[in-house]
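Printed here is structure_13.txt (compact mmCIF, C-alpha atoms and all ligand atoms):
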# COMPACT_ATOMS: atom_id res chain seq x y z
CA MET R 1 0.85 -6.74 6.59
CA GLU R 2 3.86 -4.49 6.06
CA ARG R 3 4.31 -2.01 8.93
CA LEU R 4 3.60 1.63 8.07
CA ARG R 5 6.76 3.71 8.63
CA ASN R 6 5.62 6.90 6.87
CA LEU R 7 2.41 7.95 5.12
CA LEU R 8 3.57 9.61 1.92
CA SER R 9 0.81 8.77 -0.55
CA ALA R 10 -2.34 6.70 -0.94
CA SER R 11 -0.83 5.14 -4.07
CA GLU R 12 1.76 3.38 -1.86
CA LEU R 13 -0.81 1.96 0.57
CA SER R 14 -1.83 -1.67 0.09
CA ARG R 15 -5.48 -2.67 0.34
CA GLU R 16 -4.59 -4.45 3.59
CA GLN R 17 -2.97 -1.31 5.08
CA ILE R 18 -5.99 0.81 4.08
CA ARG R 19 -8.38 -1.72 5.66
CA PHE R 20 -6.24 -1.80 8.83
CA LEU R 21 -6.31 2.01 9.18
CA LEU R 22 -10.07 2.17 8.52
CA SER R 23 -10.86 -0.63 10.99
CA THR R 24 -8.58 0.94 13.62
CA ALA R 25 -10.49 4.22 13.19
CA VAL R 26 -13.81 2.36 13.54
CA LYS R 27 -12.59 0.92 16.87
CA MET R 28 -11.37 4.30 18.11
CA ALA R 29 -14.55 6.16 17.12
CA PRO R 30 -16.80 5.39 20.14
CA GLN R 31 -14.22 6.62 22.67
CA VAL R 32 -13.46 9.74 20.64
CA ARG R 33 -17.20 10.47 20.29
CA ASP R 34 -17.52 10.20 24.08
CA GLY R 35 -14.71 12.74 24.47
CA ASP R 36 -12.29 10.15 25.91
CA THR R 37 -8.58 9.98 25.15
CA ILE R 38 -6.71 6.88 23.95
CA PRO R 39 -3.22 7.51 25.38
CA LEU R 40 -1.13 5.37 23.04
CA LEU R 41 1.46 8.12 22.36
CA GLN R 42 2.18 9.36 25.87
CA GLY R 43 5.58 11.06 26.12
CA LYS R 44 5.87 11.56 22.36
CA THR R 45 5.91 14.80 20.34
CA ILE R 46 4.47 15.32 16.85
CA VAL R 47 5.50 18.38 14.80
CA ASN R 48 3.06 19.97 12.33
CA LEU R 49 5.19 21.53 9.60
CA PHE R 50 2.69 23.45 7.45
CA PHE R 51 3.97 25.65 4.59
CA GLU R 52 0.44 26.13 3.21
CA ASN R 53 -2.69 27.36 4.95
CA SER R 54 -5.01 24.86 6.58
CA THR R 55 -8.02 24.88 8.85
CA ARG R 56 -9.18 21.25 9.01
CA THR R 57 -6.02 19.20 8.46
CA ARG R 58 -3.73 21.04 10.86
CA THR R 59 -6.24 21.34 13.67
CA SER R 60 -7.40 17.74 13.35
CA PHE R 61 -3.79 16.47 13.42
CA GLU R 62 -3.27 18.59 16.52
CA LEU R 63 -6.43 17.27 18.17
CA ALA R 64 -5.62 13.69 17.16
CA THR R 65 -2.16 14.04 18.69
CA ARG R 66 -3.58 15.37 21.98
CA LYS R 67 -6.27 12.69 22.15
CA LEU R 68 -3.48 10.10 21.85
CA GLY R 69 -1.73 11.71 24.84
CA ALA R 70 1.19 13.19 22.88
CA GLY R 71 2.49 16.74 22.71
CA THR R 72 2.15 18.77 19.54
CA LEU R 73 4.31 21.55 18.17
CA ASN R 74 2.97 23.77 15.37
CA PHE R 75 5.59 25.21 13.06
CA ALA R 76 4.44 28.53 11.59
CA ALA R 77 6.17 28.75 8.20
CA SER R 78 5.32 32.44 7.80
CA THR R 79 7.36 33.42 10.89
CA SER R 80 10.13 30.84 10.47
CA SER R 81 13.62 31.19 9.03
CA THR R 82 12.40 29.86 5.67
CA SER R 83 11.73 33.57 4.98
CA LYS R 84 15.54 34.05 5.24
CA GLY R 85 16.23 31.42 2.61
CA GLU R 86 16.47 28.21 4.66
CA THR R 87 15.52 25.19 2.56
CA LEU R 88 12.77 22.70 3.37
CA ILE R 89 15.32 19.93 4.00
CA ASP R 90 17.47 22.11 6.29
CA THR R 91 14.34 23.19 8.18
CA ALA R 92 13.25 19.57 8.62
CA LYS R 93 16.76 18.46 9.68
CA ASN R 94 16.84 21.17 12.35
CA ILE R 95 13.44 20.10 13.64
CA GLU R 96 14.58 16.45 13.58
CA ALA R 97 17.56 17.47 15.76
CA MET R 98 15.04 18.39 18.48
CA ARG R 99 13.95 14.70 18.54
CA PRO R 100 10.26 14.70 17.63
CA HIS R 101 8.59 11.32 16.98
CA ALA R 102 6.97 12.27 13.64
CA ILE R 103 6.67 15.23 11.29
CA VAL R 104 3.37 16.04 9.57
CA VAL R 105 4.12 18.13 6.49
CA ARG R 106 2.05 20.23 4.09
CA HIS R 107 3.89 21.89 1.22
CA ALA R 108 3.05 23.38 -2.17
CA SER R 109 5.64 21.19 -3.95
CA ALA R 110 4.45 17.79 -5.14
CA GLY R 111 6.80 15.09 -3.83
CA SER R 112 8.20 17.10 -0.91
CA PRO R 113 7.15 14.54 1.76
CA GLN R 114 9.00 11.83 -0.22
CA THR R 115 12.09 14.06 -0.36
CA LEU R 116 11.91 14.67 3.40
CA ALA R 117 11.41 10.98 4.20
CA GLY R 118 14.63 10.27 2.26
CA SER R 119 16.54 12.97 4.13
CA ILE R 120 15.53 12.57 7.79
CA GLY R 121 15.16 9.65 10.15
CA VAL R 122 11.79 10.39 11.76
CA PRO R 123 8.48 9.28 10.22
CA VAL R 124 6.91 11.71 7.75
CA ILE R 125 3.15 12.04 7.24
CA ASN R 126 1.90 13.84 4.13
CA ALA R 127 -0.79 16.42 4.95
CA GLY R 128 -1.03 17.55 1.31
CA ASP R 129 1.74 18.09 -1.28
CA GLY R 130 0.86 20.40 -4.15
CA PHE R 131 -1.52 18.76 -6.60
CA HIS R 132 -0.04 15.31 -5.87
CA GLU R 133 -1.73 13.66 -2.85
CA HIS R 134 -3.58 14.20 0.43
CA PRO R 135 -3.72 10.62 1.76
CA THR R 136 -5.38 11.26 5.14
CA GLN R 137 -8.16 13.17 3.33
CA GLY R 138 -8.73 10.15 1.07
CA LEU R 139 -8.86 7.87 4.11
CA LEU R 140 -11.31 10.06 6.03
CA ASP R 141 -13.53 10.40 2.96
CA VAL R 142 -13.74 6.64 2.50
CA PHE R 143 -14.28 6.20 6.26
CA THR R 144 -17.23 8.63 6.00
CA ILE R 145 -18.70 6.84 2.98
CA GLU R 146 -18.55 3.48 4.78
CA GLU R 147 -19.98 5.00 7.97
CA LYS R 148 -23.00 6.30 6.02
CA LEU R 149 -23.49 3.65 3.31
CA GLY R 150 -21.70 0.49 4.47
CA SER R 151 -18.91 -1.01 2.36
CA VAL R 152 -17.63 1.22 -0.44
CA GLU R 153 -17.20 -1.85 -2.65
CA GLY R 154 -19.49 -1.56 -5.68
CA LYS R 155 -20.57 2.00 -4.82
CA ARG R 156 -20.60 4.63 -7.56
CA VAL R 157 -18.55 7.68 -6.56
CA VAL R 158 -18.64 10.81 -8.75
CA ILE R 159 -15.88 13.38 -8.18
CA LEU R 160 -17.01 16.73 -9.56
CA GLY R 161 -14.74 19.73 -9.91
CA ASP R 162 -11.14 20.69 -10.56
CA ILE R 163 -9.73 17.18 -10.94
CA ALA R 164 -6.55 18.32 -12.70
CA HIS R 165 -5.19 20.28 -9.73
CA SER R 166 -6.71 18.24 -6.89
CA ARG R 167 -4.59 16.17 -4.51
CA VAL R 168 -7.85 15.12 -2.82
CA ALA R 169 -9.16 13.59 -6.06
CA ARG R 170 -5.91 11.71 -6.65
CA SER R 171 -5.75 10.17 -3.15
CA ASN R 172 -9.45 9.28 -3.24
CA ILE R 173 -9.15 7.60 -6.63
CA HIS R 174 -6.28 5.39 -5.39
CA ILE R 175 -8.13 4.33 -2.24
CA LEU R 176 -11.59 3.95 -3.78
CA ARG R 177 -10.30 1.79 -6.62
CA LYS R 178 -8.28 -0.43 -4.26
CA LEU R 179 -11.44 -1.03 -2.23
CA GLY R 180 -13.58 -1.86 -5.28
CA ALA R 181 -15.64 1.32 -5.79
CA SER R 182 -16.63 2.48 -9.27
CA VAL R 183 -15.30 6.03 -9.79
CA ALA R 184 -16.22 8.71 -12.33
CA VAL R 185 -14.74 12.19 -12.57
CA CYS R 186 -16.45 15.21 -14.08
CA ALA R 187 -15.06 18.64 -15.00
CA PRO R 188 -14.74 21.02 -17.92
CA PRO R 189 -12.06 19.65 -20.28
CA THR R 190 -9.49 22.19 -19.06
CA LEU R 191 -9.89 20.98 -15.45
CA LEU R 192 -9.42 17.29 -16.26
CA PRO R 193 -5.89 15.84 -16.42
CA PRO R 194 -4.70 14.76 -19.88
CA HIS R 195 -5.97 11.23 -20.68
CA PRO R 196 -8.25 10.86 -17.62
CA GLU R 197 -8.96 7.23 -18.58
CA THR R 198 -5.39 6.40 -17.45
CA LEU R 199 -6.58 7.10 -13.86
CA GLY R 200 -8.76 3.97 -14.14
CA VAL R 201 -11.98 5.98 -13.87
CA ASP R 202 -14.89 6.96 -16.14
CA PHE R 203 -15.15 10.61 -17.07
CA ALA R 204 -17.68 13.09 -18.41
CA TYR R 205 -17.59 16.79 -19.22
CA ARG R 206 -21.06 17.52 -17.80
CA PRO R 207 -22.49 16.28 -14.46
CA GLU R 208 -26.10 15.56 -15.47
CA SER R 209 -25.34 12.15 -17.02
CA LEU R 210 -23.56 10.95 -13.85
CA LEU R 211 -25.63 12.25 -10.93
CA GLY R 212 -28.63 9.87 -11.16
CA ASP R 213 -26.47 6.76 -10.62
CA ALA R 214 -24.23 8.23 -7.91
CA ASP R 215 -24.16 6.86 -4.37
CA VAL R 216 -21.62 9.54 -3.48
CA VAL R 217 -20.85 12.92 -5.04
CA MET R 218 -17.61 14.56 -3.97
CA ALA R 219 -17.58 18.25 -4.92
CA LEU R 220 -14.20 19.96 -5.23
CA ARG R 221 -13.11 23.58 -5.14
CA ILE R 222 -11.38 25.19 -8.14
CA GLN R 223 -7.72 25.29 -7.06
CA LEU R 224 -6.89 28.74 -8.40
CA GLU R 225 -3.68 28.79 -6.31
CA ARG R 226 -2.32 25.93 -8.48
CA GLN R 227 -3.21 27.45 -11.87
CA ASN R 228 -0.87 29.84 -13.70
CA ARG R 229 -3.94 31.45 -15.24
CA MET R 230 -7.61 30.68 -14.81
CA GLN R 231 -8.50 27.71 -17.00
CA ILE R 232 -12.23 28.39 -17.26
CA PRO R 233 -13.91 31.42 -18.87
CA SER R 234 -15.39 32.67 -15.57
CA ILE R 235 -16.42 31.54 -12.10
CA ALA R 236 -20.04 32.41 -12.97
CA GLU R 237 -19.97 30.10 -15.99
CA TYR R 238 -18.38 27.31 -13.96
CA SER R 239 -21.07 27.65 -11.31
CA LYS R 240 -23.83 27.64 -13.93
CA PHE R 241 -22.69 24.51 -15.79
CA TRP R 242 -20.82 22.46 -13.15
CA GLY R 243 -21.93 23.76 -9.74
CA LEU R 244 -23.93 21.38 -7.55
CA ASN R 245 -27.05 23.52 -7.15
CA GLN R 246 -30.53 22.60 -5.98
CA GLU R 247 -31.70 21.67 -9.52
CA ARG R 248 -28.82 19.25 -10.01
CA ALA R 249 -29.18 17.85 -6.48
CA LYS R 250 -32.75 16.81 -7.43
CA LEU R 251 -31.20 14.30 -9.85
CA LEU R 252 -29.60 12.41 -6.92
CA LYS R 253 -30.98 9.18 -5.46
CA LYS R 254 -32.70 9.55 -2.08
CA GLY R 255 -29.86 8.03 -0.05
CA ALA R 256 -26.97 9.57 -1.98
CA ILE R 257 -24.45 11.56 0.04
CA ILE R 258 -22.48 14.70 -0.80
CA LEU R 259 -18.90 15.18 0.39
CA HIS R 260 -16.61 18.18 0.14
CA PRO R 261 -13.08 18.32 1.63
CA GLY R 262 -13.36 22.05 2.40
CA PRO R 263 -12.89 24.93 2.19
CA ILE R 264 -16.18 25.39 0.32
CA ASN R 265 -16.66 28.28 -2.09
CA ARG R 266 -20.39 28.61 -1.53
CA GLY R 267 -22.30 29.45 -4.69
CA VAL R 268 -19.45 28.23 -6.92
CA GLU R 269 -19.00 24.43 -6.73
CA LEU R 270 -21.75 23.98 -4.13
CA ASP R 271 -24.85 26.05 -3.41
CA PRO R 272 -25.41 26.84 0.29
CA GLU R 273 -28.76 24.96 0.31
CA VAL R 274 -26.97 21.84 -0.96
CA ALA R 275 -23.94 22.22 1.32
CA ASP R 276 -26.27 22.39 4.33
CA GLY R 277 -28.97 20.09 2.89
CA PRO R 278 -30.08 16.53 3.64
CA HIS R 279 -27.53 14.81 1.37
CA SER R 280 -24.55 16.62 2.91
CA VAL R 281 -22.15 14.79 5.27
CA ILE R 282 -19.48 17.49 5.15
CA LEU R 283 -19.23 18.15 8.90
CA ASP R 284 -19.13 14.38 9.56
CA GLN R 285 -16.04 14.31 7.33
CA VAL R 286 -14.44 16.93 9.57
CA PHE R 287 -15.07 14.91 12.75
CA ASN R 288 -13.89 11.72 11.06
CA GLY R 289 -10.66 13.50 10.15
CA VAL R 290 -9.68 13.45 13.82
CA ILE R 291 -10.31 9.70 14.16
CA ILE R 292 -8.50 8.77 10.95
CA ARG R 293 -5.49 10.89 11.92
CA MET R 294 -5.41 9.18 15.33
CA ALA R 295 -5.34 5.79 13.58
CA VAL R 296 -2.51 6.93 11.27
CA LEU R 297 -0.41 8.47 14.06
CA ALA R 298 -0.83 5.42 16.31
CA ALA R 299 -0.04 2.96 13.50
CA ILE R 300 3.17 4.84 12.61
CA CYS R 301 4.42 6.04 16.01
CA ALA R 302 3.25 3.29 18.39
CA PRO R 303 2.50 0.11 16.39
CA ASP R 304 3.09 -2.27 19.34
CA ALA R 305 0.95 -0.26 21.78
CA LEU R 306 -1.76 -0.05 19.11
CA GLN R 307 -1.67 -3.82 18.54
CA SER R 308 -2.07 -4.57 22.22
CA TRP R 309 -4.88 -1.96 22.53
CA LEU R 310 -6.66 -3.62 19.58
CA GLN R 311 -6.14 -7.10 21.05
CA LYS R 312 -7.47 -6.06 24.45
CA GLY R 313 -10.78 -5.25 22.75
CA SER R 314 -10.12 -1.51 22.51
CA ASN R 315 -11.44 -1.00 26.07
CA SER R 316 -8.42 0.44 27.78
N1 LIG R 401 -9.45 19.40 3.43
C1 LIG R 401 -8.41 20.18 3.74
O1 LIG R 401 -7.27 19.85 3.46
O2 LIG R 401 -8.74 21.35 4.37
P1 LIG R 401 -7.67 22.37 4.95
O3 LIG R 401 -6.97 22.99 3.77
O4 LIG R 401 -8.46 23.38 5.74
O5 LIG R 401 -6.70 21.61 5.80
Let me see the file written as structure tokens.
Amino acid sequence: MERLRNLLSASELSREQIRFLLSTAVKMAPQVRDGDTIPLLQGKTIVNLFFENSTRTRTSFELATRKLGAGTLNFAASTSSTSKGETLIDTAKNIEAMRPHAIVVRHASAGSPQTLAGSIGVPVINAGDGFHEHPTQGLLDVFTIEEKLGSVEGKRVVILGDIAHSRVARSNIHILRKLGASVAVCAPPTLLPPHPETLGVDFAYRPESLLGDADVVMALRIQLERQNRMQIPSIAEYSKFWGLNQERAKLLKKGAIILHPGPINRGVELDPEVADGPHSVILDQVFNGVIIRMAVLAAICAPDALQSWLQKGSNS
């Protein structure tokens, strides 16, 4: 298997690399659940370079870093010199000069992690770039599906919401298809990308025809921050025709699970009773985000230490 030097997109990950990261996370999970650390990154420093808001991704990268024994430095874009005109590349080069061991970046521009990886010498991990990709979210979603339902191979996954502007949908589609899941996307026509069939998925404009066969429904928020103007008539109409409410949740199979990457707009894409109901695994996704990010950081920043930890039976 080719060694992971950066994590820029799920599209670049091989099936073997995805399986390695998922199985590493499975092995780390018991110790993390017990509150133990796995100090594979002692003496290292990871910088979180977030130019967009985040609750789950930034804090779980920070926790993952600490649980691996490394130091973490959070870069607050709003109080940095980017407000004085410094470019993303200059900012990253200045942070690189302080000798961190990896930079985790979130930015509104699609492709910015790739640009950084070509400009600096330290590993770059994409924590979400515009509407392009959010690879660790895709990994933690698939980890959660396999934790709840066993192998994702052959499972029917319905992604419901603003597919056109969603980096989460894009990363999930790449990973789910590589692992053999059957994927369908559903949204009003204006919130689907042009020619959705080119994504290698089925698609429908209304959810009712898809929900009965779904093993997994992934609900997505409307990404208003990435739309020049609202592309649906109203939020109320979206909620009425596409929201996952209690009536629509009754169409689901008994064991089907509901995912949402967060933040949830309750009463829009997901009713509160459904978000907190028996099908929901949303808070499990949040916990699994820590484990997946530990696996990614260890694989990139300490591959040899990780290999010997895995070979020793993951007991040390
Ligand atoms: N899922 C996700 O990316 O959430 P945050 O924006 O809170 O990081």
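Closest to ligand LIG 401 (chain R) among R:Pro261, R:Gly212, R:Gly71, R:Pro135 is R:Pro261, based on only C-alpha atoms and all ligand atoms.
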### Query
Which residue, R:Lys312, R:Phe143, R:Lys93, R:Ala64, has the smallest gap to Phe20 (chain R) when you use all atoms listed in the file?
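Among R:Lys312, R:Phe143, R:Lys93, R:Ala64, it is R:Phe143 that comes nearest to Phe20 (chain R).
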### Query
Can you tell me how far CA of Leu13 (chain R) sits from CA of Met218 (chain R), in Å to one decimal?
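If I compute the distance from CA of Leu13 (chain R) to CA of Met218 (chain R), I get 21.5 Å.
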### Message
Using all atoms listed in the file, can you tell me which of R:Glu247, R:Glu62, R:Asp202, R:Glu96 comes closest to ligand LIG 401 (chain R)?
### Response
R:Glu62
### Atom pair CA of Ala77 (chain R) / CA of Glu52 (chain R): separation (Å)
8.0 Å
#### Entry: Cut-off 8 Å, only C-alpha atoms and all ligand atoms, neighbours of ligand LIG 401 (chain R) as a list of chain:residue names
R:Asn53, R:Ser54, R:Thr55, R:Arg56, R:Thr57, R:Arg58, R:Thr59, R:Ala127, R:Gly128, R:His134, R:Gln137, R:Val168, R:His260, R:Pro261, R:Gly262, R:Pro263
### Task
Excluding Ile89 (chain R) and any residue of its chain fewer than 2 positions from it, enumerate the residues within 10 Å of it, using only C-alpha atoms, and give them as a list of chain:residue names.
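In the requested form, the answer reads R:Glu86, R:Thr87, R:Thr91, R:Ala92, R:Lys93, R:Asn94, R:Ile95, R:Ser112, R:Thr115, R:Leu116, R:Ala117, R:Gly118, R:Ser119, R:Ile120.
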### Residue nearest Phe131 (chain R) among R:His107, R:Arg3, R:Lys27, R:Lys148 (counting only C-alpha atoms)
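For Phe131 (chain R), the nearest of the candidates is R:His107.
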### Task
Quick one: everything within 10 Å of Ala214 (chain R), counting only C-alpha atoms, minus sequence neighbours fewer than 2 positions away in the same chain. Send it as a list in words.
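Listed by chain and then number, they are Lys155, Arg156, Val157, Val158, Ile159, Ser182, Val183, Ala184, Ser209, Leu210, Leu211, Gly212, Val216, Val217, Met218, Leu251, Leu252, Lys253, Gly255, Ala256, Ile257 and Ile258 of chain R.
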### Message
To one decimal place in Å, what is the distance between CA of Phe50 (chain R) and CA of Leu297 (chain R)?
### Response
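Between CA of Phe50 (chain R) and CA of Leu297 (chain R) the gap works out to 16.7 Å.
Take the candidates R:Leu259, R:Ser81, R:Arg106, R:Met1 and check each one against Val274 (chain R) using all atoms listed in the file; the shortest distance goes to R:Leu259.
With all atoms listed in the file as the atoms that count, the residue of R:Gly130, R:Gly267, R:Pro196, R:Pro303 with the shortest distance to Lys240 (chain R) is R:Gly267.
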Write out as JSON an axis-aligned box for region 35-54 of chain R: all of its atoms listed in the file, 3 Å added on each side, centre and edge lengths in Å with one decimal.
{"center_x": -4.4, "center_y": 16.4, "center_z": 14.7, "size_x": 26.6, "size_y": 28.0, "size_z": 28.9}
Identify, on the basis of all atoms listed in the file, every residue whose closest approach to region 219-224 of chain R does not exceed 6 Å; exclude the query and any residue fewer than 5 positions from it along the same chain; express the result as a CSV table (one decimal) with C-alpha atoms, in the coordinates of the input.
chain,number,residue,atom,x,y,z
R,160,LEU,CA,-17.0,16.7,-9.6
R,161,GLY,CA,-14.7,19.7,-9.9
R,162,ASP,CA,-11.1,20.7,-10.6
R,260,HIS,CA,-16.6,18.2,0.1
### Task
Excluding Arg293 (chain R) and residues on its chain fewer than 5 positions from it, collect all residues at most 8 Å away from it, counting all atoms listed in the file, and give them as a list in words.
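Near Arg293 (chain R), the qualifying residues are Ser60, Phe61, Ala64 and Thr136 of chain R.
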